[in-house]
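K.L.:
Pasting in a structure now, in structure tokens, and then I'll have a few things to ask.
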Amino acid sequence: MITPVDATTTEAWADLKVLKDALVPDLRGWFEADPHRAEELTFDLADLRVDLSKNLINEDIVAALVRLAEQVDVAGRRDAMFAGERINVTENRSVLHTALRLPRDAELTVDGQDVVADVHEVLDRMYAFADQVRSGEWTGVTGKRIETVVNIGIGGSDLGPVMVYEALLPYKQDGLECRFISNIDPADCAEKVADLDPETTLFIVASKTFTTLETLTNARMARDWFLTRLAEAGVVDDTDESRRAAIAKHFVAVSTALDKVADFGIDPANAFGFWDWVGGRYSVDSAVGLPVAIAIGPDGFRDFLAGFHAVDTHFRTETPERNVPLLMGLINVWYVNFYGAHSHAVLPYAQYLHRFAAYLQQLTMESNGKSVRWDGTPVTSDTGEIFWGEPGTNGQHAFYQLIHQGTRLIPADFIAVANPAHPTLDGDTDVHGLFLANFFAQTAALAFGKTADEVRAEGTPEEIVPARVFAGNKPTTSIMAPALTPSVVGQLIALYEHITFVQGIVWGIDSFDQWGVELGKKLALDIAPAVFGDAAALSRQDPSTQALVRWYRDNRV
Ligand SMILES: O=P(O)(O)OC[C@H]1O[C@](O)(CO)[C@@H](O)[C@@H]1O
């Protein structure tokens, strides 16, 4: 195993400390002093235009960050990832989500296995199935075409598909709708199926491991609902054969554990596989994206994958000074480790990206929320960021106050597209233009603020001048694209995947395991008997938990 370099002992880290101590943030002054600042810090990455100029950085800081990347060998680890080396050390696995978007004629053999051929074999099956559902060739047990696809999954088997489905709604085929059941709260399943016709509904049970309690419980509840409703309609009887025939037309699975899929009662012919080298939170471009492929069609899904691949190629081949995921990852390190930033806002000015922050929460926080390095030694600096956000302009009327005038530094990524799916006029006003005026205004206000003199010049009474001053120097990155196409959505996801990777390497952590989720899962199974009345199991719990369970049982009608 390669020992992680301790970033905090590198020369570059020491240089960054000196630079931070000497830096007086002054975005106004920096832009005035250098008329080329915006141009020099703006980069094109596939269809994305990324403006880093409103960050608290200068040439020396960028150079030191790039040296830090060299000194911790980001490039070496990146190449190891792309080559299929087992960089997920604690699970002894390759990390090859980038292989999921390799074109058919690419070559990648890992442990003697032609990975590209495997990936395209599954993609071909997904595309054929998607075409059958979309054309109506695939019918339910009573011969009706499918109108609703219900994905049952959680974490990476839910957040990616739902985010991308919502982002690409304008590309969805008319007459087809997707829904997503994830929470084990029975309300989720009950609400999502309440108005559905089982004869026109297709369930996709998506679980990498096919052991996840939430997903298997929801899948069983959905199966019960489905069979009960069809029995009531006289479509199935209570023979196994009749039920199996109905399930075969209405339940398919996505998993790496195809044996368990069969145990659940889903025909293995209707299962779409992937591989242990795809992390759950990196899997939306695998068969986990099946609902998206059905909704937008194979051509749309191909564009989606091409978007990822374009960013992969940039990340793999671009020089460090122009490598956008590398620079963005390093700038995040700058804020976390040198400014003590705890959180990072993602603010899409695109309503269709309303689930993007939720998606990024799993991607970034499950990846980099770690306190040991990949060799088991403690981390030597803070790691991870709390990712959060809401679409603009809704966020402006909720939490932007704290970003503008609070005491915490919150780096924010602003995302917008030039061409909306719904160009709409309000009288003579282009509403999307008005929307984007807010996007431009917010990053400017955050960067440049408003001085006391400017506030006074507006005639503000002296006693409320301080309350109306904006300090400015609040860092933002602006990301723009021509339109929210399937390719652009793929590009955005790949961009953040690689940003997350870069941060993980600097911190020396394994960004691809998630052991921290395990304890809660195990404890839930231990406590469940107590919840159901097992006195011995209850007595094994701590006093607080015992009291809470008793209260629950006393109040549960
Ligand atoms: O796809 P599975 O195996 O059901 O797992 C769902 C999710 O559970 C986790 O293992 C833990 O939250 C995630 O990493 C994963 O995306």
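All residue names refer to the structure tokens as shown: chains lettered A, B, ... in order, residues numbered from 1 in each chain, ligands numbered from 1 in order.
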Counting only C-alpha atoms and all ligand atoms, what are the residues, protein, DNA or RNA alike, that approach ligand 1 to within 6 Å? I want them as number ranges by chain.

P.N.:
A: 154-157, 207-210, 212, 280-281, 517

K.L.:
What's around stretch 314-323 of chain A at 12 Å? Count only C-alpha atoms, leave out sequence neighbours fewer than 3 positions away in its own chain, and write the answer as number ranges by chain.

P.N.:
A: 40-48, 50-52, 59-70, 73-83, 98, 307-311, 326-330, 491, 494-499, 501-502

K.L.:
Within 6 Å of stretch 408-418 of chain A, counting only C-alpha atoms, which residues show up once you throw out same-chain ones fewer than 4 positions away? Write them as a short mmCIF file (atom, residue, chain, number, x, y, z; two decimals) with N, CA, C and O atoms, in the first residue's frame, please.

P.N.:
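Just written: result03.cif:
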```
data_model
loop_
_atom_site.label_atom_id
_atom_site.label_comp_id
_atom_site.auth_asym_id
_atom_site.auth_seq_id
_atom_site.Cartn_x
_atom_site.Cartn_y
_atom_site.Cartn_z
N ALA A 341 -13.32 27.07 6.93
CA ALA A 341 -14.71 26.98 6.44
C ALA A 341 -15.26 25.59 6.77
O ALA A 341 -14.57 24.58 6.61
N SER A 343 -18.66 24.75 5.80
CA SER A 343 -19.70 24.32 4.88
C SER A 343 -19.52 24.96 3.51
O SER A 343 -18.70 25.88 3.34
N HIS A 344 -20.25 24.43 2.55
CA HIS A 344 -20.09 24.84 1.16
C HIS A 344 -21.49 24.86 0.53
O HIS A 344 -22.18 23.84 0.54
N ALA A 345 -21.89 26.02 0.05
CA ALA A 345 -23.23 26.11 -0.54
C ALA A 345 -23.18 25.86 -2.04
O ALA A 345 -22.23 26.27 -2.71
N VAL A 346 -24.20 25.18 -2.52
CA VAL A 346 -24.35 24.96 -3.97
C VAL A 346 -25.70 25.53 -4.35
O VAL A 346 -26.74 25.07 -3.86
N LEU A 347 -25.68 26.54 -5.20
CA LEU A 347 -26.88 27.35 -5.43
C LEU A 347 -27.20 27.38 -6.92
O LEU A 347 -26.76 28.27 -7.64
N PRO A 348 -27.98 26.40 -7.38
CA PRO A 348 -28.30 26.39 -8.81
C PRO A 348 -29.38 27.40 -9.15
O PRO A 348 -30.43 27.41 -8.52
N TYR A 349 -29.10 28.25 -10.12
CA TYR A 349 -30.14 29.12 -10.66
C TYR A 349 -30.74 28.40 -11.85
O TYR A 349 -30.62 28.81 -13.01
N ALA A 350 -31.34 27.27 -11.55
CA ALA A 350 -31.98 26.40 -12.55
C ALA A 350 -32.89 25.50 -11.73
O ALA A 350 -32.41 24.62 -10.99
N PRO A 475 -16.48 34.42 -0.93
CA PRO A 475 -16.04 33.77 -2.17
C PRO A 475 -17.12 32.99 -2.90
O PRO A 475 -17.91 32.28 -2.26
N THR A 476 -17.14 33.12 -4.20
CA THR A 476 -18.06 32.32 -5.02
C THR A 476 -17.35 31.84 -6.28
O THR A 476 -16.40 32.45 -6.75
N THR A 477 -17.88 30.74 -6.81
CA THR A 477 -17.49 30.25 -8.14
C THR A 477 -18.74 30.26 -8.99
O THR A 477 -19.80 29.83 -8.52
N SER A 478 -18.64 30.77 -10.20
CA SER A 478 -19.80 30.78 -11.10
C SER A 478 -19.59 29.74 -12.19
O SER A 478 -18.55 29.72 -12.86
N ILE A 479 -20.60 28.88 -12.35
CA ILE A 479 -20.53 27.83 -13.38
C ILE A 479 -21.72 28.05 -14.32
O ILE A 479 -22.86 28.08 -13.86
N MET A 480 -21.44 28.23 -15.60
CA MET A 480 -22.53 28.45 -16.55
C MET A 480 -22.43 27.45 -17.69
O MET A 480 -21.34 26.97 -18.02
N ALA A 481 -23.58 27.15 -18.28
CA ALA A 481 -23.61 26.24 -19.44
C ALA A 481 -24.65 26.79 -20.41
O ALA A 481 -25.55 27.53 -20.00
N PRO A 482 -24.54 26.43 -21.68
CA PRO A 482 -25.52 26.95 -22.64
C PRO A 482 -26.95 26.52 -22.31
O PRO A 482 -27.87 27.29 -22.45
N ALA A 483 -27.12 25.27 -21.88
CA ALA A 483 -28.47 24.78 -21.54
C ALA A 483 -28.30 23.53 -20.68
O ALA A 483 -27.23 22.93 -20.64
#
```

K.L.:
For A:Thr8, please output as a PDB file with all heavy atoms, in the first residue's frame all residues within 10 Å (counting only C-alpha atoms; exclusion window: fewer than 3 positions along the same chain).

P.N.:
```pdb
ATOM      1  N   VAL A   5       0.738  10.820   1.616  1.00  0.00           N
ATOM      2  CA  VAL A   5       1.639  11.900   2.029  1.00  0.00           C
ATOM      3  C   VAL A   5       0.862  12.765   3.016  1.00  0.00           C
ATOM      4  O   VAL A   5      -0.324  13.043   2.805  1.00  0.00           O
ATOM      5  CB  VAL A   5       2.023  12.757   0.797  1.00  0.00           C
ATOM      6  CG1 VAL A   5       2.893  13.933   1.215  1.00  0.00           C
ATOM      7  CG2 VAL A   5       2.690  11.909  -0.271  1.00  0.00           C
ATOM      8  N   GLU A  11       6.107  21.381   1.818  1.00  0.00           N
ATOM      9  CA  GLU A  11       6.549  22.783   1.677  1.00  0.00           C
ATOM     10  C   GLU A  11       5.396  23.653   1.228  1.00  0.00           C
ATOM     11  O   GLU A  11       5.232  24.792   1.664  1.00  0.00           O
ATOM     12  CB  GLU A  11       7.639  22.865   0.611  1.00  0.00           C
ATOM     13  CG  GLU A  11       9.024  22.651   1.119  1.00  0.00           C
ATOM     14  CD  GLU A  11      10.001  22.629  -0.046  1.00  0.00           C
ATOM     15  OE1 GLU A  11       9.794  23.376  -1.013  1.00  0.00           O
ATOM     16  OE2 GLU A  11      10.957  21.836   0.036  1.00  0.00           O
ATOM     17  N   ALA A  12       4.582  23.096   0.323  1.00  0.00           N
ATOM     18  CA  ALA A  12       3.483  23.902  -0.223  1.00  0.00           C
ATOM     19  C   ALA A  12       2.508  24.305   0.883  1.00  0.00           C
ATOM     20  O   ALA A  12       2.004  25.428   0.900  1.00  0.00           O
ATOM     21  CB  ALA A  12       2.752  23.104  -1.303  1.00  0.00           C
ATOM     22  N   TRP A  13       2.269  23.389   1.820  1.00  0.00           N
ATOM     23  CA  TRP A  13       1.333  23.698   2.920  1.00  0.00           C
ATOM     24  C   TRP A  13       1.899  24.866   3.746  1.00  0.00           C
ATOM     25  O   TRP A  13       1.183  25.809   4.105  1.00  0.00           O
ATOM     26  CB  TRP A  13       1.141  22.452   3.787  1.00  0.00           C
ATOM     27  CG  TRP A  13      -0.006  22.513   4.745  1.00  0.00           C
ATOM     28  CD1 TRP A  13       0.003  23.075   5.995  1.00  0.00           C
ATOM     29  CD2 TRP A  13      -1.330  21.986   4.561  1.00  0.00           C
ATOM     30  NE1 TRP A  13      -1.231  22.929   6.586  1.00  0.00           N
ATOM     31  CE2 TRP A  13      -2.077  22.267   5.734  1.00  0.00           C
ATOM     32  CE3 TRP A  13      -1.960  21.312   3.519  1.00  0.00           C
ATOM     33  CZ2 TRP A  13      -3.408  21.881   5.898  1.00  0.00           C
ATOM     34  CZ3 TRP A  13      -3.298  20.927   3.685  1.00  0.00           C
ATOM     35  CH2 TRP A  13      -4.009  21.218   4.856  1.00  0.00           C
ATOM     36  N   ALA A  14       3.201  24.790   4.020  1.00  0.00           N
ATOM     37  CA  ALA A  14       3.842  25.873   4.786  1.00  0.00           C
ATOM     38  C   ALA A  14       3.739  27.189   4.012  1.00  0.00           C
ATOM     39  O   ALA A  14       3.446  28.247   4.578  1.00  0.00           O
ATOM     40  CB  ALA A  14       5.303  25.510   5.058  1.00  0.00           C
ATOM     41  N   LYS A  17       0.299  28.622   4.324  1.00  0.00           N
ATOM     42  CA  LYS A  17       0.076  29.255   5.643  1.00  0.00           C
ATOM     43  C   LYS A  17       0.591  30.689   5.637  1.00  0.00           C
ATOM     44  O   LYS A  17      -0.082  31.615   6.087  1.00  0.00           O
ATOM     45  CB  LYS A  17       0.841  28.473   6.717  1.00  0.00           C
ATOM     46  CG  LYS A  17      -0.005  27.515   7.492  1.00  0.00           C
ATOM     47  CD  LYS A  17       0.799  27.085   8.702  1.00  0.00           C
ATOM     48  CE  LYS A  17       0.090  26.025   9.471  1.00  0.00           C
ATOM     49  NZ  LYS A  17       1.021  25.174  10.181  1.00  0.00           N
ATOM     50  N   LEU A  68       0.997  21.993  -3.987  1.00  0.00           N
ATOM     51  CA  LEU A  68       0.475  21.047  -2.980  1.00  0.00           C
ATOM     52  C   LEU A  68      -0.019  19.779  -3.690  1.00  0.00           C
ATOM     53  O   LEU A  68       0.273  18.650  -3.249  1.00  0.00           O
ATOM     54  CB  LEU A  68      -0.667  21.708  -2.194  1.00  0.00           C
ATOM     55  CG  LEU A  68      -1.377  20.819  -1.177  1.00  0.00           C
ATOM     56  CD1 LEU A  68      -0.429  20.417  -0.042  1.00  0.00           C
ATOM     57  CD2 LEU A  68      -2.607  21.536  -0.581  1.00  0.00           C
ATOM     58  N   VAL A  72       1.502  16.006  -2.950  1.00  0.00           N
ATOM     59  CA  VAL A  72       0.744  14.852  -2.420  1.00  0.00           C
ATOM     60  C   VAL A  72       0.426  13.859  -3.534  1.00  0.00           C
ATOM     61  O   VAL A  72      -0.267  12.868  -3.325  1.00  0.00           O
ATOM     62  CB  VAL A  72      -0.550  15.270  -1.685  1.00  0.00           C
ATOM     63  CG1 VAL A  72      -0.245  16.161  -0.492  1.00  0.00           C
ATOM     64  CG2 VAL A  72      -1.545  15.944  -2.620  1.00  0.00           C
ATOM     65  N   ASN A 337      -9.059  24.307   5.098  1.00  0.00           N
ATOM     66  CA  ASN A 337      -7.894  24.141   5.961  1.00  0.00           C
ATOM     67  C   ASN A 337      -7.187  25.436   6.325  1.00  0.00           C
ATOM     68  O   ASN A 337      -6.461  25.489   7.316  1.00  0.00           O
ATOM     69  CB  ASN A 337      -6.890  23.172   5.329  1.00  0.00           C
ATOM     70  CG  ASN A 337      -7.483  21.782   5.156  1.00  0.00           C
ATOM     71  OD1 ASN A 337      -7.591  21.266   4.047  1.00  0.00           O
ATOM     72  ND2 ASN A 337      -7.915  21.187   6.254  1.00  0.00           N
ATOM     73  N   VAL A 379      -6.229  11.501  10.490  1.00  0.00           N
ATOM     74  CA  VAL A 379      -6.004  12.614   9.552  1.00  0.00           C
ATOM     75  C   VAL A 379      -5.215  13.701  10.266  1.00  0.00           C
ATOM     76  O   VAL A 379      -5.218  13.777  11.501  1.00  0.00           O
ATOM     77  CB  VAL A 379      -7.328  13.185   9.002  1.00  0.00           C
ATOM     78  CG1 VAL A 379      -8.057  12.170   8.153  1.00  0.00           C
ATOM     79  CG2 VAL A 379      -8.222  13.701  10.126  1.00  0.00           C
ATOM     80  N   THR A 380      -4.573  14.525   9.482  1.00  0.00           N
ATOM     81  CA  THR A 380      -3.698  15.541  10.073  1.00  0.00           C
ATOM     82  C   THR A 380      -4.275  16.941   9.912  1.00  0.00           C
ATOM     83  O   THR A 380      -3.633  17.923  10.253  1.00  0.00           O
ATOM     84  CB  THR A 380      -2.308  15.471   9.410  1.00  0.00           C
ATOM     85  OG1 THR A 380      -2.491  15.575   7.991  1.00  0.00           O
ATOM     86  CG2 THR A 380      -1.609  14.166   9.746  1.00  0.00           C
ATOM     87  N   SER A 381      -5.478  17.025   9.351  1.00  0.00           N
ATOM     88  CA  SER A 381      -6.129  18.333   9.195  1.00  0.00           C
ATOM     89  C   SER A 381      -7.625  18.081   9.142  1.00  0.00           C
ATOM     90  O   SER A 381      -8.060  16.938   9.095  1.00  0.00           O
ATOM     91  CB  SER A 381      -5.677  18.986   7.883  1.00  0.00           C
ATOM     92  OG  SER A 381      -6.193  18.242   6.790  1.00  0.00           O
ATOM     93  N   VAL A 506      -5.682  15.053  -1.100  1.00  0.00           N
ATOM     94  CA  VAL A 506      -4.923  15.999  -0.268  1.00  0.00           C
ATOM     95  C   VAL A 506      -5.028  15.580   1.202  1.00  0.00           C
ATOM     96  O   VAL A 506      -4.045  15.614   1.942  1.00  0.00           O
ATOM     97  CB  VAL A 506      -5.420  17.445  -0.461  1.00  0.00           C
ATOM     98  CG1 VAL A 506      -4.743  18.385   0.535  1.00  0.00           C
ATOM     99  CG2 VAL A 506      -5.170  17.918  -1.895  1.00  0.00           C
ATOM    100  N   TRP A 507      -6.209  15.135   1.604  1.00  0.00           N
ATOM    101  CA  TRP A 507      -6.395  14.768   3.018  1.00  0.00           C
ATOM    102  C   TRP A 507      -5.914  13.345   3.313  1.00  0.00           C
ATOM    103  O   TRP A 507      -5.940  12.908   4.459  1.00  0.00           O
ATOM    104  CB  TRP A 507      -7.879  14.927   3.396  1.00  0.00           C
ATOM    105  CG  TRP A 507      -8.300  16.372   3.387  1.00  0.00           C
ATOM    106  CD1 TRP A 507      -7.547  17.456   3.772  1.00  0.00           C
ATOM    107  CD2 TRP A 507      -9.575  16.901   2.967  1.00  0.00           C
ATOM    108  NE1 TRP A 507      -8.279  18.617   3.612  1.00  0.00           N
ATOM    109  CE2 TRP A 507      -9.522  18.311   3.138  1.00  0.00           C
ATOM    110  CE3 TRP A 507     -10.751  16.330   2.475  1.00  0.00           C
ATOM    111  CZ2 TRP A 507     -10.600  19.152   2.820  1.00  0.00           C
ATOM    112  CZ3 TRP A 507     -11.815  17.168   2.178  1.00  0.00           C
ATOM    113  CH2 TRP A 507     -11.740  18.572   2.344  1.00  0.00           C
TER     114      TRP A 507
END
```

K.L.:
Can you list, as number ranges by chain, every protein, DNA or RNA residue that comes within 9 Å of stretch 85-87 of chain A when you count only C-alpha atoms, leaving out same-chain residues fewer than 5 positions away?

P.N.:
A: 1, 77, 79-80, 92-96, 110, 277, 374, 510, 512

K.L.:
From a DSSP pass on the backbone, collect the residues of stretch 101-186 of chain A flagged as helix (DSSP H, G or I) and hand them back as JSON, numbers by chain.

P.N.:
{"A": [101, 115, 116, 117, 118, 119, 120, 121, 122, 123, 124, 125, 126, 127, 128, 129, 130, 131, 132, 133, 134, 135, 155, 156, 157, 159, 160, 161, 162, 163, 164, 165, 166, 167, 169, 170, 171, 186]}

K.L.:
With only C-alpha atoms as the counted atoms, please give the residues lying no more than 9 Å from A:Ala222, apart from itself and same-chain residues fewer than 6 positions off, as a list in words.

P.N.:
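That gives Ile152, Cys189, Ala190, Val193 and Phe203 of chain A.
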
K.L.:
At a cut-off of 12 Å, using only C-alpha atoms, what residues contact A:Trp138? Leave out same-chain residues fewer than 4 positions from it and give the result as a ChimeraX atom specification.

P.N.:
/A:128-134,142-147,200-202,248-250,270,294
